[in-house]
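The file entry-v3.cif contains mmCIF, C-alpha atoms and all ligand atoms:
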data_target
#
loop_
_atom_site.label_atom_id
_atom_site.label_comp_id
_atom_site.auth_asym_id
_atom_site.auth_seq_id
_atom_site.Cartn_x
_atom_site.Cartn_y
_atom_site.Cartn_z
CA MET A 207 -37.41 13.49 -11.43
CA VAL A 208 -34.23 15.16 -12.60
CA ALA A 209 -33.08 15.46 -9.00
CA ASP A 210 -33.74 11.73 -8.45
CA LYS A 211 -31.64 10.86 -11.46
CA ALA A 212 -28.82 12.99 -10.17
CA ALA A 213 -29.07 11.23 -6.80
CA ASP A 214 -29.03 7.83 -8.53
CA SER A 215 -25.98 8.63 -10.56
CA SER A 216 -24.16 10.07 -7.58
CA GLN A 217 -24.91 6.89 -5.64
CA GLU A 218 -23.65 4.85 -8.58
CA ASN A 219 -20.48 6.92 -8.65
CA THR A 220 -19.94 6.52 -4.92
CA GLU A 221 -20.30 2.77 -5.35
CA LYS A 222 -17.82 2.73 -8.21
CA MET A 223 -15.34 4.70 -6.13
CA ASP A 224 -15.98 2.48 -3.09
CA VAL A 225 -12.84 0.42 -2.92
CA LEU A 226 -14.44 -2.43 -1.00
CA THR A 227 -17.23 -2.97 -3.55
CA SER A 228 -14.83 -2.85 -6.49
CA THR A 229 -12.27 -5.10 -4.80
CA ARG A 230 -14.95 -7.69 -4.10
CA ALA A 231 -15.99 -7.69 -7.74
CA VAL A 232 -12.45 -8.53 -8.88
CA VAL A 233 -12.02 -11.18 -6.15
CA LYS A 234 -15.28 -12.79 -7.32
CA ASP A 235 -14.17 -12.74 -10.96
CA ALA A 236 -10.75 -14.20 -10.05
CA LEU A 237 -12.30 -17.02 -7.99
CA GLU A 238 -14.80 -17.89 -10.72
CA ARG A 239 -12.07 -18.05 -13.34
CA LEU A 240 -10.09 -20.37 -11.06
CA GLY A 241 -13.16 -22.58 -10.74
CA TYR A 242 -13.78 -22.09 -7.01
CA PRO A 243 -17.31 -22.32 -5.59
CA ASN A 244 -19.25 -19.26 -4.46
CA GLU A 245 -18.79 -20.29 -0.79
CA LEU A 246 -15.18 -19.29 -1.08
CA TYR A 247 -16.17 -15.85 -2.30
CA GLU A 248 -18.56 -15.56 0.65
CA LEU A 249 -15.64 -16.36 2.97
CA LEU A 250 -13.18 -13.96 1.36
CA LYS A 251 -15.37 -10.95 0.61
CA ASP A 252 -14.96 -9.67 4.18
CA SER A 253 -12.41 -9.75 6.94
CA LEU A 254 -12.79 -12.60 9.43
CA ARG A 255 -12.33 -10.10 12.23
CA MET A 256 -12.79 -6.34 12.43
CA LEU A 257 -12.14 -4.60 15.72
CA THR A 258 -13.22 -1.01 16.31
CA VAL A 259 -11.47 0.77 19.15
CA ARG A 260 -11.84 4.15 20.83
CA ILE A 261 -8.63 5.66 22.11
CA PRO A 262 -8.61 8.52 24.62
CA VAL A 263 -5.52 10.72 24.34
CA ARG A 264 -4.54 13.67 26.52
CA MET A 265 -3.76 16.52 24.12
CA ASP A 266 -1.14 19.20 24.72
CA ASP A 267 -3.78 21.75 25.77
CA GLY A 268 -4.86 19.44 28.62
CA SER A 269 -8.09 18.26 26.98
CA ILE A 270 -8.90 14.62 26.23
CA LYS A 271 -9.66 13.68 22.66
CA VAL A 272 -11.14 10.29 21.81
CA PHE A 273 -9.92 8.81 18.49
CA THR A 274 -11.53 5.95 16.59
CA GLY A 275 -9.33 3.20 15.17
CA TYR A 276 -9.73 -0.15 13.44
CA ARG A 277 -7.85 -3.39 13.00
CA ALA A 278 -9.01 -5.83 10.34
CA GLN A 279 -7.80 -9.42 9.95
CA HIS A 280 -8.90 -10.64 6.58
CA ASN A 281 -7.94 -14.31 6.49
CA ASP A 282 -5.43 -16.28 8.55
CA ALA A 283 -5.67 -19.66 6.80
CA VAL A 284 -2.09 -19.35 5.51
CA GLY A 285 -0.53 -17.82 8.63
CA PRO A 286 -0.71 -14.76 10.88
CA THR A 287 -2.25 -11.68 9.33
CA LYS A 288 0.03 -8.82 8.35
CA GLY A 289 -0.36 -5.24 7.26
CA GLY A 290 0.21 -1.59 8.06
CA VAL A 291 -1.56 0.96 10.23
CA ARG A 292 -2.51 4.27 8.63
CA PHE A 293 -3.09 7.55 10.42
CA HIS A 294 -5.37 9.65 8.24
CA PRO A 295 -8.49 11.82 8.59
CA ASP A 296 -10.26 9.90 5.79
CA VAL A 297 -9.84 6.40 7.30
CA THR A 298 -13.09 4.40 7.28
CA GLU A 299 -13.98 0.87 8.37
CA LYS A 300 -14.79 -0.06 4.77
CA GLU A 301 -11.45 1.18 3.53
CA VAL A 302 -9.55 -0.73 6.23
CA ASN A 303 -11.50 -3.85 5.27
CA ALA A 304 -10.58 -3.46 1.57
CA LEU A 305 -6.96 -2.74 2.47
CA ALA A 306 -6.85 -5.96 4.52
CA ILE A 307 -8.10 -7.93 1.50
CA TRP A 308 -5.37 -6.32 -0.61
CA MET A 309 -2.78 -7.36 1.97
CA SER A 310 -3.95 -10.99 1.67
CA LEU A 311 -3.52 -10.70 -2.09
CA LYS A 312 -0.06 -9.14 -1.77
CA ALA A 313 1.06 -11.92 0.58
CA GLY A 314 -0.19 -14.50 -1.93
CA ILE A 315 1.49 -12.75 -4.86
CA VAL A 316 4.96 -12.69 -3.27
CA ASP A 317 4.32 -16.05 -1.59
CA LEU A 318 4.67 -15.04 2.06
CA PRO A 319 3.34 -17.24 4.90
CA TYR A 320 0.77 -14.61 5.89
CA GLY A 321 -2.81 -13.54 5.45
CA GLY A 322 -3.77 -9.89 5.17
CA GLY A 323 -4.47 -7.44 7.98
CA LYS A 324 -4.77 -3.68 8.18
CA GLY A 325 -5.27 -0.95 10.72
CA GLY A 326 -6.21 2.67 10.67
CA ILE A 327 -6.91 5.56 13.01
CA ILE A 328 -9.04 8.56 12.08
CA CYS A 329 -6.70 11.45 12.88
CA ASP A 330 -4.56 14.07 11.19
CA PRO A 331 -0.96 13.51 12.30
CA ARG A 332 0.09 16.70 10.46
CA GLU A 333 -1.73 18.62 13.17
CA MET A 334 -0.55 16.63 16.17
CA SER A 335 2.54 17.07 18.29
CA PHE A 336 5.14 14.36 18.78
CA ARG A 337 3.85 13.77 22.32
CA GLU A 338 0.22 13.45 21.18
CA LEU A 339 1.24 11.01 18.43
CA GLU A 340 3.10 8.89 20.95
CA GLY A 341 0.02 8.80 23.20
CA LEU A 342 -2.18 7.79 20.28
CA SER A 343 0.23 5.09 19.06
CA ARG A 344 0.56 3.55 22.53
CA GLY A 345 -3.20 3.81 23.17
CA TYR A 346 -3.91 2.00 19.89
CA VAL A 347 -1.59 -0.87 20.82
CA ARG A 348 -3.21 -1.22 24.24
CA ALA A 349 -6.63 -1.30 22.58
CA ILE A 350 -5.76 -3.98 20.01
CA SER A 351 -3.19 -5.93 22.07
CA GLN A 352 -5.39 -8.97 22.62
CA ILE A 353 -5.79 -9.74 18.92
CA VAL A 354 -2.28 -8.91 17.66
CA GLY A 355 1.15 -10.46 18.25
CA PRO A 356 4.05 -12.03 16.35
CA THR A 357 2.13 -15.24 15.70
CA LYS A 358 -1.32 -13.64 15.30
CA ASP A 359 -1.23 -10.33 13.45
CA ILE A 360 1.82 -8.17 12.76
CA PRO A 361 1.33 -4.43 12.12
CA ALA A 362 3.66 -2.19 10.08
CA PRO A 363 3.86 1.35 8.69
CA ASP A 364 1.40 2.73 6.15
CA VAL A 365 0.17 6.20 5.15
CA PHE A 366 1.54 8.83 7.62
CA THR A 367 3.08 6.30 10.02
CA ASN A 368 6.82 5.69 10.23
CA SER A 369 9.62 3.89 12.08
CA GLN A 370 9.28 6.17 15.15
CA ILE A 371 5.61 5.23 15.49
CA MET A 372 6.55 1.54 15.07
CA ALA A 373 9.13 1.97 17.85
CA TRP A 374 6.55 3.38 20.29
CA MET A 375 4.13 0.60 19.37
CA MET A 376 6.80 -2.08 19.80
CA ASP A 377 7.75 -0.62 23.19
CA GLU A 378 4.14 -0.54 24.36
CA TYR A 379 3.51 -4.11 23.25
CA SER A 380 6.74 -5.28 24.92
CA ARG A 381 5.62 -3.64 28.19
CA ILE A 382 2.29 -5.48 28.02
CA ASP A 383 4.06 -8.76 27.24
CA GLU A 384 6.72 -8.06 29.86
CA PHE A 385 9.55 -9.00 27.51
CA ASN A 386 11.20 -7.45 24.49
CA ASN A 387 9.14 -8.50 21.53
CA PRO A 388 10.46 -6.98 18.29
CA GLY A 389 8.60 -9.50 16.07
CA PHE A 390 5.28 -7.92 17.03
CA ILE A 391 5.67 -5.16 14.45
CA THR A 392 7.81 -4.43 11.38
CA GLY A 393 9.19 -1.23 9.90
CA LYS A 394 11.08 -0.50 13.13
CA PRO A 395 14.28 1.56 13.35
CA ILE A 396 17.33 -0.64 12.65
CA VAL A 397 18.57 -0.29 16.27
CA LEU A 398 15.33 -1.85 17.52
CA GLY A 399 15.47 -4.86 15.23
CA GLY A 400 14.35 -3.18 12.02
CA SER A 401 15.64 -4.57 8.74
CA HIS A 402 18.06 -2.98 6.34
CA GLY A 403 16.21 -1.91 3.24
CA ARG A 404 12.73 -1.80 4.84
CA GLU A 405 12.26 1.96 4.56
CA SER A 406 12.86 2.01 0.82
CA ALA A 407 11.42 -1.46 0.13
CA THR A 408 8.09 -0.38 -1.39
CA ALA A 409 9.86 1.97 -3.80
CA LYS A 410 12.47 -0.70 -4.63
CA GLY A 411 9.70 -3.15 -5.51
CA VAL A 412 7.96 -0.54 -7.65
CA THR A 413 11.24 0.24 -9.44
CA ILE A 414 11.74 -3.45 -10.24
CA CYS A 415 8.19 -3.59 -11.68
CA ILE A 416 8.82 -0.45 -13.74
CA GLU A 417 12.03 -1.95 -15.16
CA GLU A 418 10.25 -5.16 -16.11
CA ALA A 419 7.22 -3.38 -17.57
CA ALA A 420 9.48 -1.06 -19.61
CA LYS A 421 11.34 -4.11 -20.96
CA LYS A 422 8.03 -5.58 -22.11
CA ARG A 423 7.26 -2.31 -23.87
CA GLY A 424 10.72 -2.19 -25.47
CA PHE A 425 12.29 0.78 -23.68
CA GLU A 426 14.60 1.43 -20.75
CA ILE A 427 14.27 3.50 -17.62
CA LYS A 428 17.33 5.49 -18.68
CA GLY A 429 16.05 8.56 -20.51
CA ALA A 430 12.35 7.73 -19.88
CA ARG A 431 10.08 10.59 -18.79
CA VAL A 432 8.45 9.78 -15.46
CA VAL A 433 5.65 11.38 -13.44
CA VAL A 434 5.29 10.42 -9.77
CA GLN A 435 2.14 11.44 -7.90
CA GLY A 436 2.85 11.70 -4.16
CA PHE A 437 6.12 12.44 -2.37
CA GLY A 438 5.63 10.36 0.78
CA ASN A 439 7.68 7.28 1.63
CA ALA A 440 7.02 5.44 -1.66
CA GLY A 441 6.97 8.50 -3.95
CA SER A 442 10.12 10.15 -2.65
CA PHE A 443 12.29 7.01 -2.66
CA LEU A 444 10.92 6.15 -6.06
CA ALA A 445 11.78 9.56 -7.53
CA LYS A 446 15.28 9.08 -6.10
CA PHE A 447 15.77 5.57 -7.53
CA LEU A 448 14.41 6.51 -10.96
CA HIS A 449 16.51 9.67 -11.05
CA GLU A 450 19.60 7.61 -10.11
CA ALA A 451 18.73 5.12 -12.88
CA GLY A 452 18.87 7.94 -15.43
CA ALA A 453 15.12 8.60 -15.86
CA LYS A 454 13.91 12.16 -16.29
CA VAL A 455 11.44 12.81 -13.46
CA ILE A 456 9.34 15.58 -15.04
CA GLY A 457 6.53 15.75 -12.47
CA ILE A 458 5.98 15.15 -8.76
CA SER A 459 3.24 16.17 -6.35
CA ASP A 460 2.06 16.30 -2.76
CA ALA A 461 -1.41 16.79 -1.24
CA TYR A 462 -1.27 20.54 -2.00
CA GLY A 463 -0.19 20.65 -5.66
CA ALA A 464 2.29 19.44 -8.25
CA LEU A 465 5.53 20.52 -9.92
CA HIS A 466 6.31 20.08 -13.59
CA ASP A 467 9.49 20.61 -15.60
CA PRO A 468 9.70 18.93 -19.04
CA ASP A 469 13.51 19.02 -18.75
CA GLY A 470 13.47 17.09 -15.47
CA LEU A 471 13.06 18.32 -11.88
CA ASP A 472 15.95 18.78 -9.46
CA ILE A 473 15.13 15.67 -7.42
CA ASP A 474 18.04 16.00 -4.98
CA TYR A 475 16.85 19.49 -4.04
CA LEU A 476 13.23 18.35 -3.62
CA LEU A 477 14.27 15.39 -1.46
CA ASP A 478 16.31 17.72 0.67
CA ARG A 479 13.43 20.16 1.18
CA ARG A 480 10.46 17.80 1.69
CA ASP A 481 9.06 17.53 5.22
CA SER A 482 8.39 14.23 6.97
CA PHE A 483 4.87 14.06 5.48
CA GLY A 484 6.22 14.52 1.96
CA THR A 485 5.13 18.14 1.58
CA VAL A 486 7.33 20.20 -0.73
CA THR A 487 5.22 22.07 -3.32
CA LYS A 488 4.31 24.83 -0.83
CA LEU A 489 7.83 26.18 -1.36
CA PHE A 490 7.13 26.96 -5.01
CA ASP A 491 5.05 29.72 -6.67
CA LYS A 492 4.59 27.94 -9.97
CA THR A 493 2.59 24.77 -9.40
CA ILE A 494 0.02 22.75 -11.33
CA THR A 495 -2.83 20.68 -9.94
CA ASN A 496 -2.69 16.97 -9.15
CA GLU A 497 -5.31 16.45 -11.90
CA ASP A 498 -3.08 18.14 -14.50
CA LEU A 499 -0.08 16.17 -13.29
CA LEU A 500 -1.75 12.83 -14.11
CA GLU A 501 -2.42 13.93 -17.67
CA LEU A 502 1.13 15.08 -18.47
CA ASP A 503 2.83 13.68 -21.55
CA CYS A 504 5.22 11.02 -20.17
CA ASP A 505 6.36 7.40 -20.61
CA ILE A 506 5.76 6.16 -17.08
CA LEU A 507 3.10 7.35 -14.63
CA VAL A 508 3.32 6.24 -11.00
CA PRO A 509 0.39 7.12 -8.73
CA ALA A 510 2.02 6.88 -5.29
CA ALA A 511 -0.46 8.87 -3.21
CA VAL A 512 -4.03 7.87 -2.38
CA GLN A 513 -7.09 6.03 -3.76
CA ASN A 514 -9.29 6.86 -6.75
CA GLN A 515 -6.97 9.15 -8.69
CA ILE A 516 -7.40 7.65 -12.16
CA THR A 517 -11.11 7.29 -12.83
CA GLU A 518 -13.46 7.02 -15.80
CA HIS A 519 -13.27 10.83 -16.01
CA ASN A 520 -9.56 11.18 -16.70
CA ALA A 521 -8.47 7.69 -17.89
CA HIS A 522 -9.02 8.75 -21.51
CA ASN A 523 -6.52 11.58 -21.06
CA ILE A 524 -3.66 9.60 -19.53
CA LYS A 525 -0.72 9.79 -21.93
CA ALA A 526 1.72 7.39 -20.29
CA ASN A 527 2.72 4.10 -21.93
CA ILE A 528 2.92 2.36 -18.55
CA VAL A 529 1.05 3.06 -15.31
CA VAL A 530 2.55 1.43 -12.21
CA GLU A 531 0.50 1.70 -9.01
CA ALA A 532 2.68 2.40 -5.98
CA ALA A 533 -0.31 3.53 -3.87
CA ASN A 534 -3.12 1.23 -2.79
CA GLY A 535 -6.15 1.58 -5.08
CA PRO A 536 -5.25 4.66 -7.15
CA THR A 537 -7.10 3.45 -10.27
CA THR A 538 -10.80 2.55 -10.31
CA MET A 539 -11.98 -0.61 -12.05
CA ASP A 540 -13.65 1.42 -14.83
CA ALA A 541 -10.41 3.27 -15.39
CA THR A 542 -8.48 -0.02 -15.42
CA LYS A 543 -10.63 -1.14 -18.34
CA ILE A 544 -10.25 2.14 -20.21
CA LEU A 545 -6.46 2.16 -19.81
CA THR A 546 -6.20 -1.50 -20.86
CA ASP A 547 -8.42 -0.94 -23.92
CA ARG A 548 -6.20 1.99 -24.85
CA GLY A 549 -3.16 -0.31 -24.80
CA ILE A 550 -1.62 1.17 -21.66
CA LEU A 551 0.15 -1.43 -19.51
CA LEU A 552 -1.18 -1.16 -15.95
CA VAL A 553 0.88 -2.84 -13.22
CA PRO A 554 -1.54 -3.16 -10.27
CA ASP A 555 -0.98 -2.10 -6.65
CA VAL A 556 -1.17 -5.59 -5.17
CA LEU A 557 1.90 -6.50 -7.22
CA ALA A 558 3.79 -3.20 -7.56
CA SER A 559 3.60 -2.21 -3.90
CA ALA A 560 4.29 -5.68 -2.48
CA GLY A 561 7.98 -4.87 -1.84
CA GLY A 562 7.12 -3.28 1.53
CA VAL A 563 5.47 -6.33 3.03
CA THR A 564 8.13 -8.58 1.48
CA VAL A 565 10.92 -6.85 3.40
CA SER A 566 8.63 -6.71 6.45
CA TYR A 567 8.54 -10.49 6.23
CA PHE A 568 12.35 -10.54 6.14
CA GLU A 569 12.37 -8.28 9.19
CA TRP A 570 10.01 -10.61 11.07
CA VAL A 571 12.11 -13.68 10.13
CA GLN A 572 15.25 -11.92 11.36
CA ASN A 573 13.50 -10.97 14.63
CA ASN A 574 12.27 -14.53 15.14
CA GLN A 575 15.68 -16.08 14.58
CA GLY A 576 17.69 -13.29 16.23
CA TYR A 577 20.14 -13.31 13.33
CA TYR A 578 20.36 -10.30 11.04
CA TRP A 579 21.17 -10.10 7.33
CA PRO A 580 23.21 -7.50 5.46
CA GLU A 581 21.53 -5.10 3.05
CA ASP A 582 22.75 -6.82 -0.14
CA GLU A 583 21.15 -10.08 0.99
CA ILE A 584 17.81 -8.33 1.54
CA GLU A 585 18.03 -6.62 -1.85
CA GLU A 586 18.77 -9.86 -3.64
CA LYS A 587 15.90 -11.68 -1.95
CA LEU A 588 13.50 -8.81 -2.68
CA TYR A 589 14.62 -8.68 -6.31
CA LYS A 590 14.02 -12.41 -6.80
CA ALA A 591 10.58 -12.28 -5.15
CA MET A 592 9.42 -9.30 -7.23
CA ILE A 593 10.69 -10.68 -10.55
CA LYS A 594 9.04 -14.04 -9.94
CA ALA A 595 5.75 -12.37 -9.02
CA PHE A 596 5.86 -9.95 -11.95
CA ASN A 597 6.45 -12.72 -14.46
CA ALA A 598 3.80 -15.04 -13.00
CA ILE A 599 1.22 -12.25 -13.26
CA TYR A 600 2.33 -10.91 -16.64
CA ASN A 601 2.23 -14.41 -18.12
CA THR A 602 -1.18 -15.16 -16.60
CA ALA A 603 -2.49 -11.92 -18.12
CA GLU A 604 -1.02 -12.75 -21.54
CA THR A 605 -2.18 -16.36 -21.71
CA ARG A 606 -5.68 -15.60 -20.45
CA GLY A 607 -6.09 -12.35 -22.35
CA ILE A 608 -6.94 -10.39 -19.19
CA ASP A 609 -5.54 -7.25 -17.55
CA MET A 610 -2.75 -7.53 -15.01
CA ARG A 611 -5.05 -6.57 -12.10
CA LEU A 612 -7.33 -9.53 -12.60
CA ALA A 613 -4.28 -11.75 -13.22
CA ALA A 614 -2.73 -10.50 -9.96
CA TYR A 615 -5.91 -11.31 -8.04
CA MET A 616 -5.93 -14.81 -9.56
CA VAL A 617 -2.31 -15.40 -8.54
CA GLY A 618 -2.79 -13.74 -5.13
CA VAL A 619 -5.93 -15.57 -4.05
CA ARG A 620 -4.85 -19.12 -4.85
CA LYS A 621 -2.76 -20.01 -1.78
CA MET A 622 -5.35 -18.56 0.61
CA ALA A 623 -8.10 -20.44 -1.19
CA GLU A 624 -6.23 -23.73 -0.99
CA ALA A 625 -5.29 -23.21 2.66
CA SER A 626 -8.92 -22.39 3.54
CA ARG A 627 -10.03 -25.55 1.76
CA TYR A 628 -7.46 -27.83 3.44
CA ARG A 629 -8.52 -26.45 6.81
CA GLY A 630 -12.10 -27.40 6.01
CA TRP A 631 -13.37 -23.82 6.10
CA ILE A 632 -15.22 -24.28 2.84
N1 LIG B 1 1.57 -0.83 4.57
C1 LIG B 1 2.35 -1.54 3.60
C2 LIG B 1 1.45 -2.12 2.54
O1 LIG B 1 0.36 -1.62 2.31
C3 LIG B 1 3.29 -2.54 4.23
C4 LIG B 1 2.66 -3.59 5.08
C5 LIG B 1 3.68 -4.42 5.83
O2 LIG B 1 4.87 -4.16 5.73
O3 LIG B 1 3.24 -5.32 6.55
O4 LIG B 1 1.81 -3.00 1.82
#

Hey, can you dump this file as C-alpha cells for me?
Ligand code: GLU
Amino acid sequence: MVADKAADSSQENTEKMDVLTSTRAVVKDALERLGYPNELYELLKDSLRMLTVRIPVRMDDGSIKVFTGYRAQHNDAVGPTKGGVRFHPDVTEKEVNALAIWMSLKAGIVDLPYGGGKGGIICDPREMSFRELEGLSRGYVRAISQIVGPTKDIPAPDVFTNSQIMAWMMDEYSRIDEFNNPGFITGKPIVLGGSHGRESATAKGVTICIEEAAKKRGFEIKGARVVVQGFGNAGSFLAKFLHEAGAKVIGISDAYGALHDPDGLDIDYLLDRRDSFGTVTKLFDKTITNEDLLELDCDILVPAAVQNQITEHNAHNIKANIVVEAANGPTTMDATKILTDRGILLVPDVLASAGGVTVSYFEWVQNNQGYYWPEDEIEEKLYKAMIKAFNAIYNTAETRGIDMRLAAYMVGVRKMAEASRYRGWI
C-alpha cells in the first residue's frame, strides 16, 4: 500500500515535471480565456508533424553509431515553422514537441511571420570529435531535408549547437539543393550569410526584459545583485552584458557546479576561461551546487541552463525580486504559482528568450533579399520588438490579474489561432 502511494506520487511528480503536459495546460487556459473553442486546443496541443530519424555516423574508431533525431513542426498557419536543433543526451520526442509549441508562442509574442518548429538529436557533443559532429550534422540534414527549407521550416542553433554546426548544415542542404541556400538555416557564421548580433541576441533580449522588469520593481540594473544559472551561449553573454551595465554578478554556474562571490565575480576572467560548452567551474576548488546557487540572496535570478530547475521544492526559498527565464522551461507551473503568490515577478521563457528567434528572422530576411544590415540596425529592431512584447504581456497580466506566463501564452497564441481559423482549419 505504502509502495503504491509512493509510485503514485512519483508518477504525479513526473507528470508535473513533464514539460509537454504542463505546456498544454497553459495553452488550454490561454485559449479558454480568449474565448476560443476546444477544437483549437485539440489542434494546437501537438505538433502537426513530427519526424523521427535515425542517423548512422562513422565514428573516429571506425565503428558506426546510429543516432536518433527528431524534427517537430508545430503549426504553420502563420508561415514556415522555425526553431533550433539541440544536441543533448536527454533529448526526447516529448521535449522536442513541447519546445516546438514554445517556438510558436515566441513567434507570436514578437510578431514574426512564423510558426514553431524544433529539432533534437540524442547525443553528447562534449564527447564527440569535430569530425564526428560534422558527420552527425550533415546526416541529420540529409534525413530531414524533405520537410525543411527556407519556405517550409528553418532550423537554428539551440543547446550545444553553434554557428559551425549551422555552417555544415547549410552546406549539406545547399549540396542537396544544388545551389547556395543560406536562408535554409539561421545562426550561421557572418561570412556565410549570418546576421550581426545573432550570437548574442538571446542574451540581448533577456537583458532588455531584465531592464524593463527592474523598472517595474523600482530599481536599476546598475548595482543590482544578479545570479545567472548556466554559462552557455545565453548565460555567458548575459553575464557579460549585465556586468557591463554595472550589475554585480554574484553567482554563475555550469553543469558541474556553481561559483559564488557576494562582492561580484570576475566575469572577464570567467568568460576568458570557459570552454565552448560553457564549462568553467572545474577550474575552481571552492564551488557550491546548482541548487544552492538558485537560493542565493540576490535581486535578479536568471535560469539560463535547462528545464525544471525551479520547482515546488525550492520555489519557497528563492530570494530574488525578479526571475527572468533565459532557458526554455526552467520553472515548473507549480513553482510559477508559488513565486507569483510570493510577489516575485517572473518573466517567462517564451518572452525573455525570444530575442534569438527575432534576430534569426532578421537573418532570414537578409538572406532572402541578399541585402545585409549593420549591427546598430539589428539592435534597434530587436530592442523595439522586445519592448513592445514585454509591455503587451506585462499589461495583459496586470489588467487580467494573471501571471506573466499565462499572459504571454495569451499574447503568443492569438495570431496562430486567427490564422488557423481563417484557413478553415477549425
Ligand atoms: N533555439 C532558439 C530558441 O529556442 C532560437 C531559435 C531560432 O533562432 O530559430 O528560441

Can I get the residues close to ligand LIG 1 (chain B) as number ranges by chain, where close means within 9 Å and we count all atoms listed in the file?
-> A: 287-292, 305-306, 308-309, 312, 322-324, 360-365, 391-393, 404, 408, 533-534, 555-556, 559-567

Thr487 (chain A) surroundings by all atoms listed in the file, 8 Å radius, close-in-sequence under 6 positions cut, as a PyMOL selection string = chain A and resi 459-460+462-465+493

Dump as CSV the rows for residues of region 405-440 of chain A within 9 Å of region 506-514 of chain A: closest atom pair and distance in Å with one decimal, all atoms listed in the file counted, ordered by chain and rising residue number.
residue,atom,partner,partner_atom,distance
A:Val412,CA,A:Val508,CA,8.9
A:Ile416,CA,A:Ile506,CA,8.0
A:Ala420,CA,A:Ile506,CA,8.5
A:Ile427,CA,A:Ile506,CA,8.9
A:Ala430,CA,A:Ile506,CA,7.3
A:Arg431,CA,A:Ile506,CA,6.4
A:Val432,CA,A:Ile506,CA,4.8
A:Val433,CA,A:Leu507,CA,4.9
A:Val434,CA,A:Val508,CA,4.8
A:Gln435,CA,A:Pro509,CA,4.7
A:Gly436,CA,A:Ala511,CA,4.5
A:Phe437,CA,A:Ala510,CA,7.5
A:Gly438,CA,A:Ala511,CA,7.4
A:Asn439,CA,A:Ala510,CA,8.9
A:Ala440,CA,A:Ala510,CA,6.3

Given all atoms listed in the file as the counted atoms, nearest of A:Gly441, A:Gly452, A:Gly355, A:Pro286 to Ile382 (chain A) |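 Ranked by minimum distance to Ile382 (chain A), first place goes to A:Gly355.
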
Two-atom distance - CA of Ile516 (chain A), CA of Arg548 (chain A) (Å) | 13.9 Å

Long-range neighbours of Leu471 (chain A) as number ranges by chain, 9 Å cut-off, only C-alpha atoms, 4 positions minimum in chain = A: 454-458, 465-467, 475-476

Please produce a file of the residues just selected, as an mmCIF file, in the frame of the given file, where the atoms kept are C-alpha atoms.
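The resulting again.cif:
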data_model
loop_
_atom_site.group_PDB
_atom_site.id
_atom_site.type_symbol
_atom_site.label_atom_id
_atom_site.label_comp_id
_atom_site.auth_asym_id
_atom_site.auth_seq_id
_atom_site.Cartn_x
_atom_site.Cartn_y
_atom_site.Cartn_z
ATOM 1 C CA LYS A 454 13.910 12.160 -16.290
ATOM 2 C CA VAL A 455 11.440 12.810 -13.460
ATOM 3 C CA ILE A 456 9.340 15.580 -15.040
ATOM 4 C CA GLY A 457 6.530 15.750 -12.470
ATOM 5 C CA ILE A 458 5.980 15.150 -8.760
ATOM 6 C CA LEU A 465 5.530 20.520 -9.920
ATOM 7 C CA HIS A 466 6.310 20.080 -13.590
ATOM 8 C CA ASP A 467 9.490 20.610 -15.600
ATOM 9 C CA TYR A 475 16.850 19.490 -4.040
ATOM 10 C CA LEU A 476 13.230 18.350 -3.620
#

I need region 561-582 of chain A written out with C-alpha atoms, as a PDB file, in the first residue's frame; please produce it.
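Generated output (out_5.pdb):
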ATOM      1  CA  GLY A 561      15.494  37.635 -28.860  1.00  0.00           C
ATOM      2  CA  GLY A 562      17.262  34.682 -30.523  1.00  0.00           C
ATOM      3  CA  VAL A 563      14.487  33.846 -32.946  1.00  0.00           C
ATOM      4  CA  THR A 564      13.848  37.556 -33.554  1.00  0.00           C
ATOM      5  CA  VAL A 565      17.367  38.097 -34.884  1.00  0.00           C
ATOM      6  CA  SER A 566      17.112  34.749 -36.701  1.00  0.00           C
ATOM      7  CA  TYR A 567      14.151  36.264 -38.520  1.00  0.00           C
ATOM      8  CA  PHE A 568      16.289  39.290 -39.418  1.00  0.00           C
ATOM      9  CA  GLU A 569      18.961  36.907 -40.694  1.00  0.00           C
ATOM     10  CA  TRP A 570      16.440  35.053 -42.862  1.00  0.00           C
ATOM     11  CA  VAL A 571      15.050  38.337 -44.262  1.00  0.00           C
ATOM     12  CA  GLN A 572      18.581  39.484 -45.103  1.00  0.00           C
ATOM     13  CA  ASN A 573      19.313  36.136 -46.809  1.00  0.00           C
ATOM     14  CA  ASN A 574      16.091  36.314 -48.809  1.00  0.00           C
ATOM     15  CA  GLN A 575      16.721  39.846 -50.029  1.00  0.00           C
ATOM     16  CA  GLY A 576      20.504  39.497 -50.378  1.00  0.00           C
ATOM     17  CA  TYR A 577      20.992  42.844 -48.657  1.00  0.00           C
ATOM     18  CA  TYR A 578      22.653  42.987 -45.254  1.00  0.00           C
ATOM     19  CA  TRP A 579      22.099  45.370 -42.347  1.00  0.00           C
ATOM     20  CA  PRO A 580      24.647  46.865 -39.960  1.00  0.00           C
ATOM     21  CA  GLU A 581      24.710  45.822 -36.317  1.00  0.00           C
ATOM     22  CA  ASP A 582      23.119  49.021 -34.951  1.00  0.00           C
TER      23      ASP A 582
END
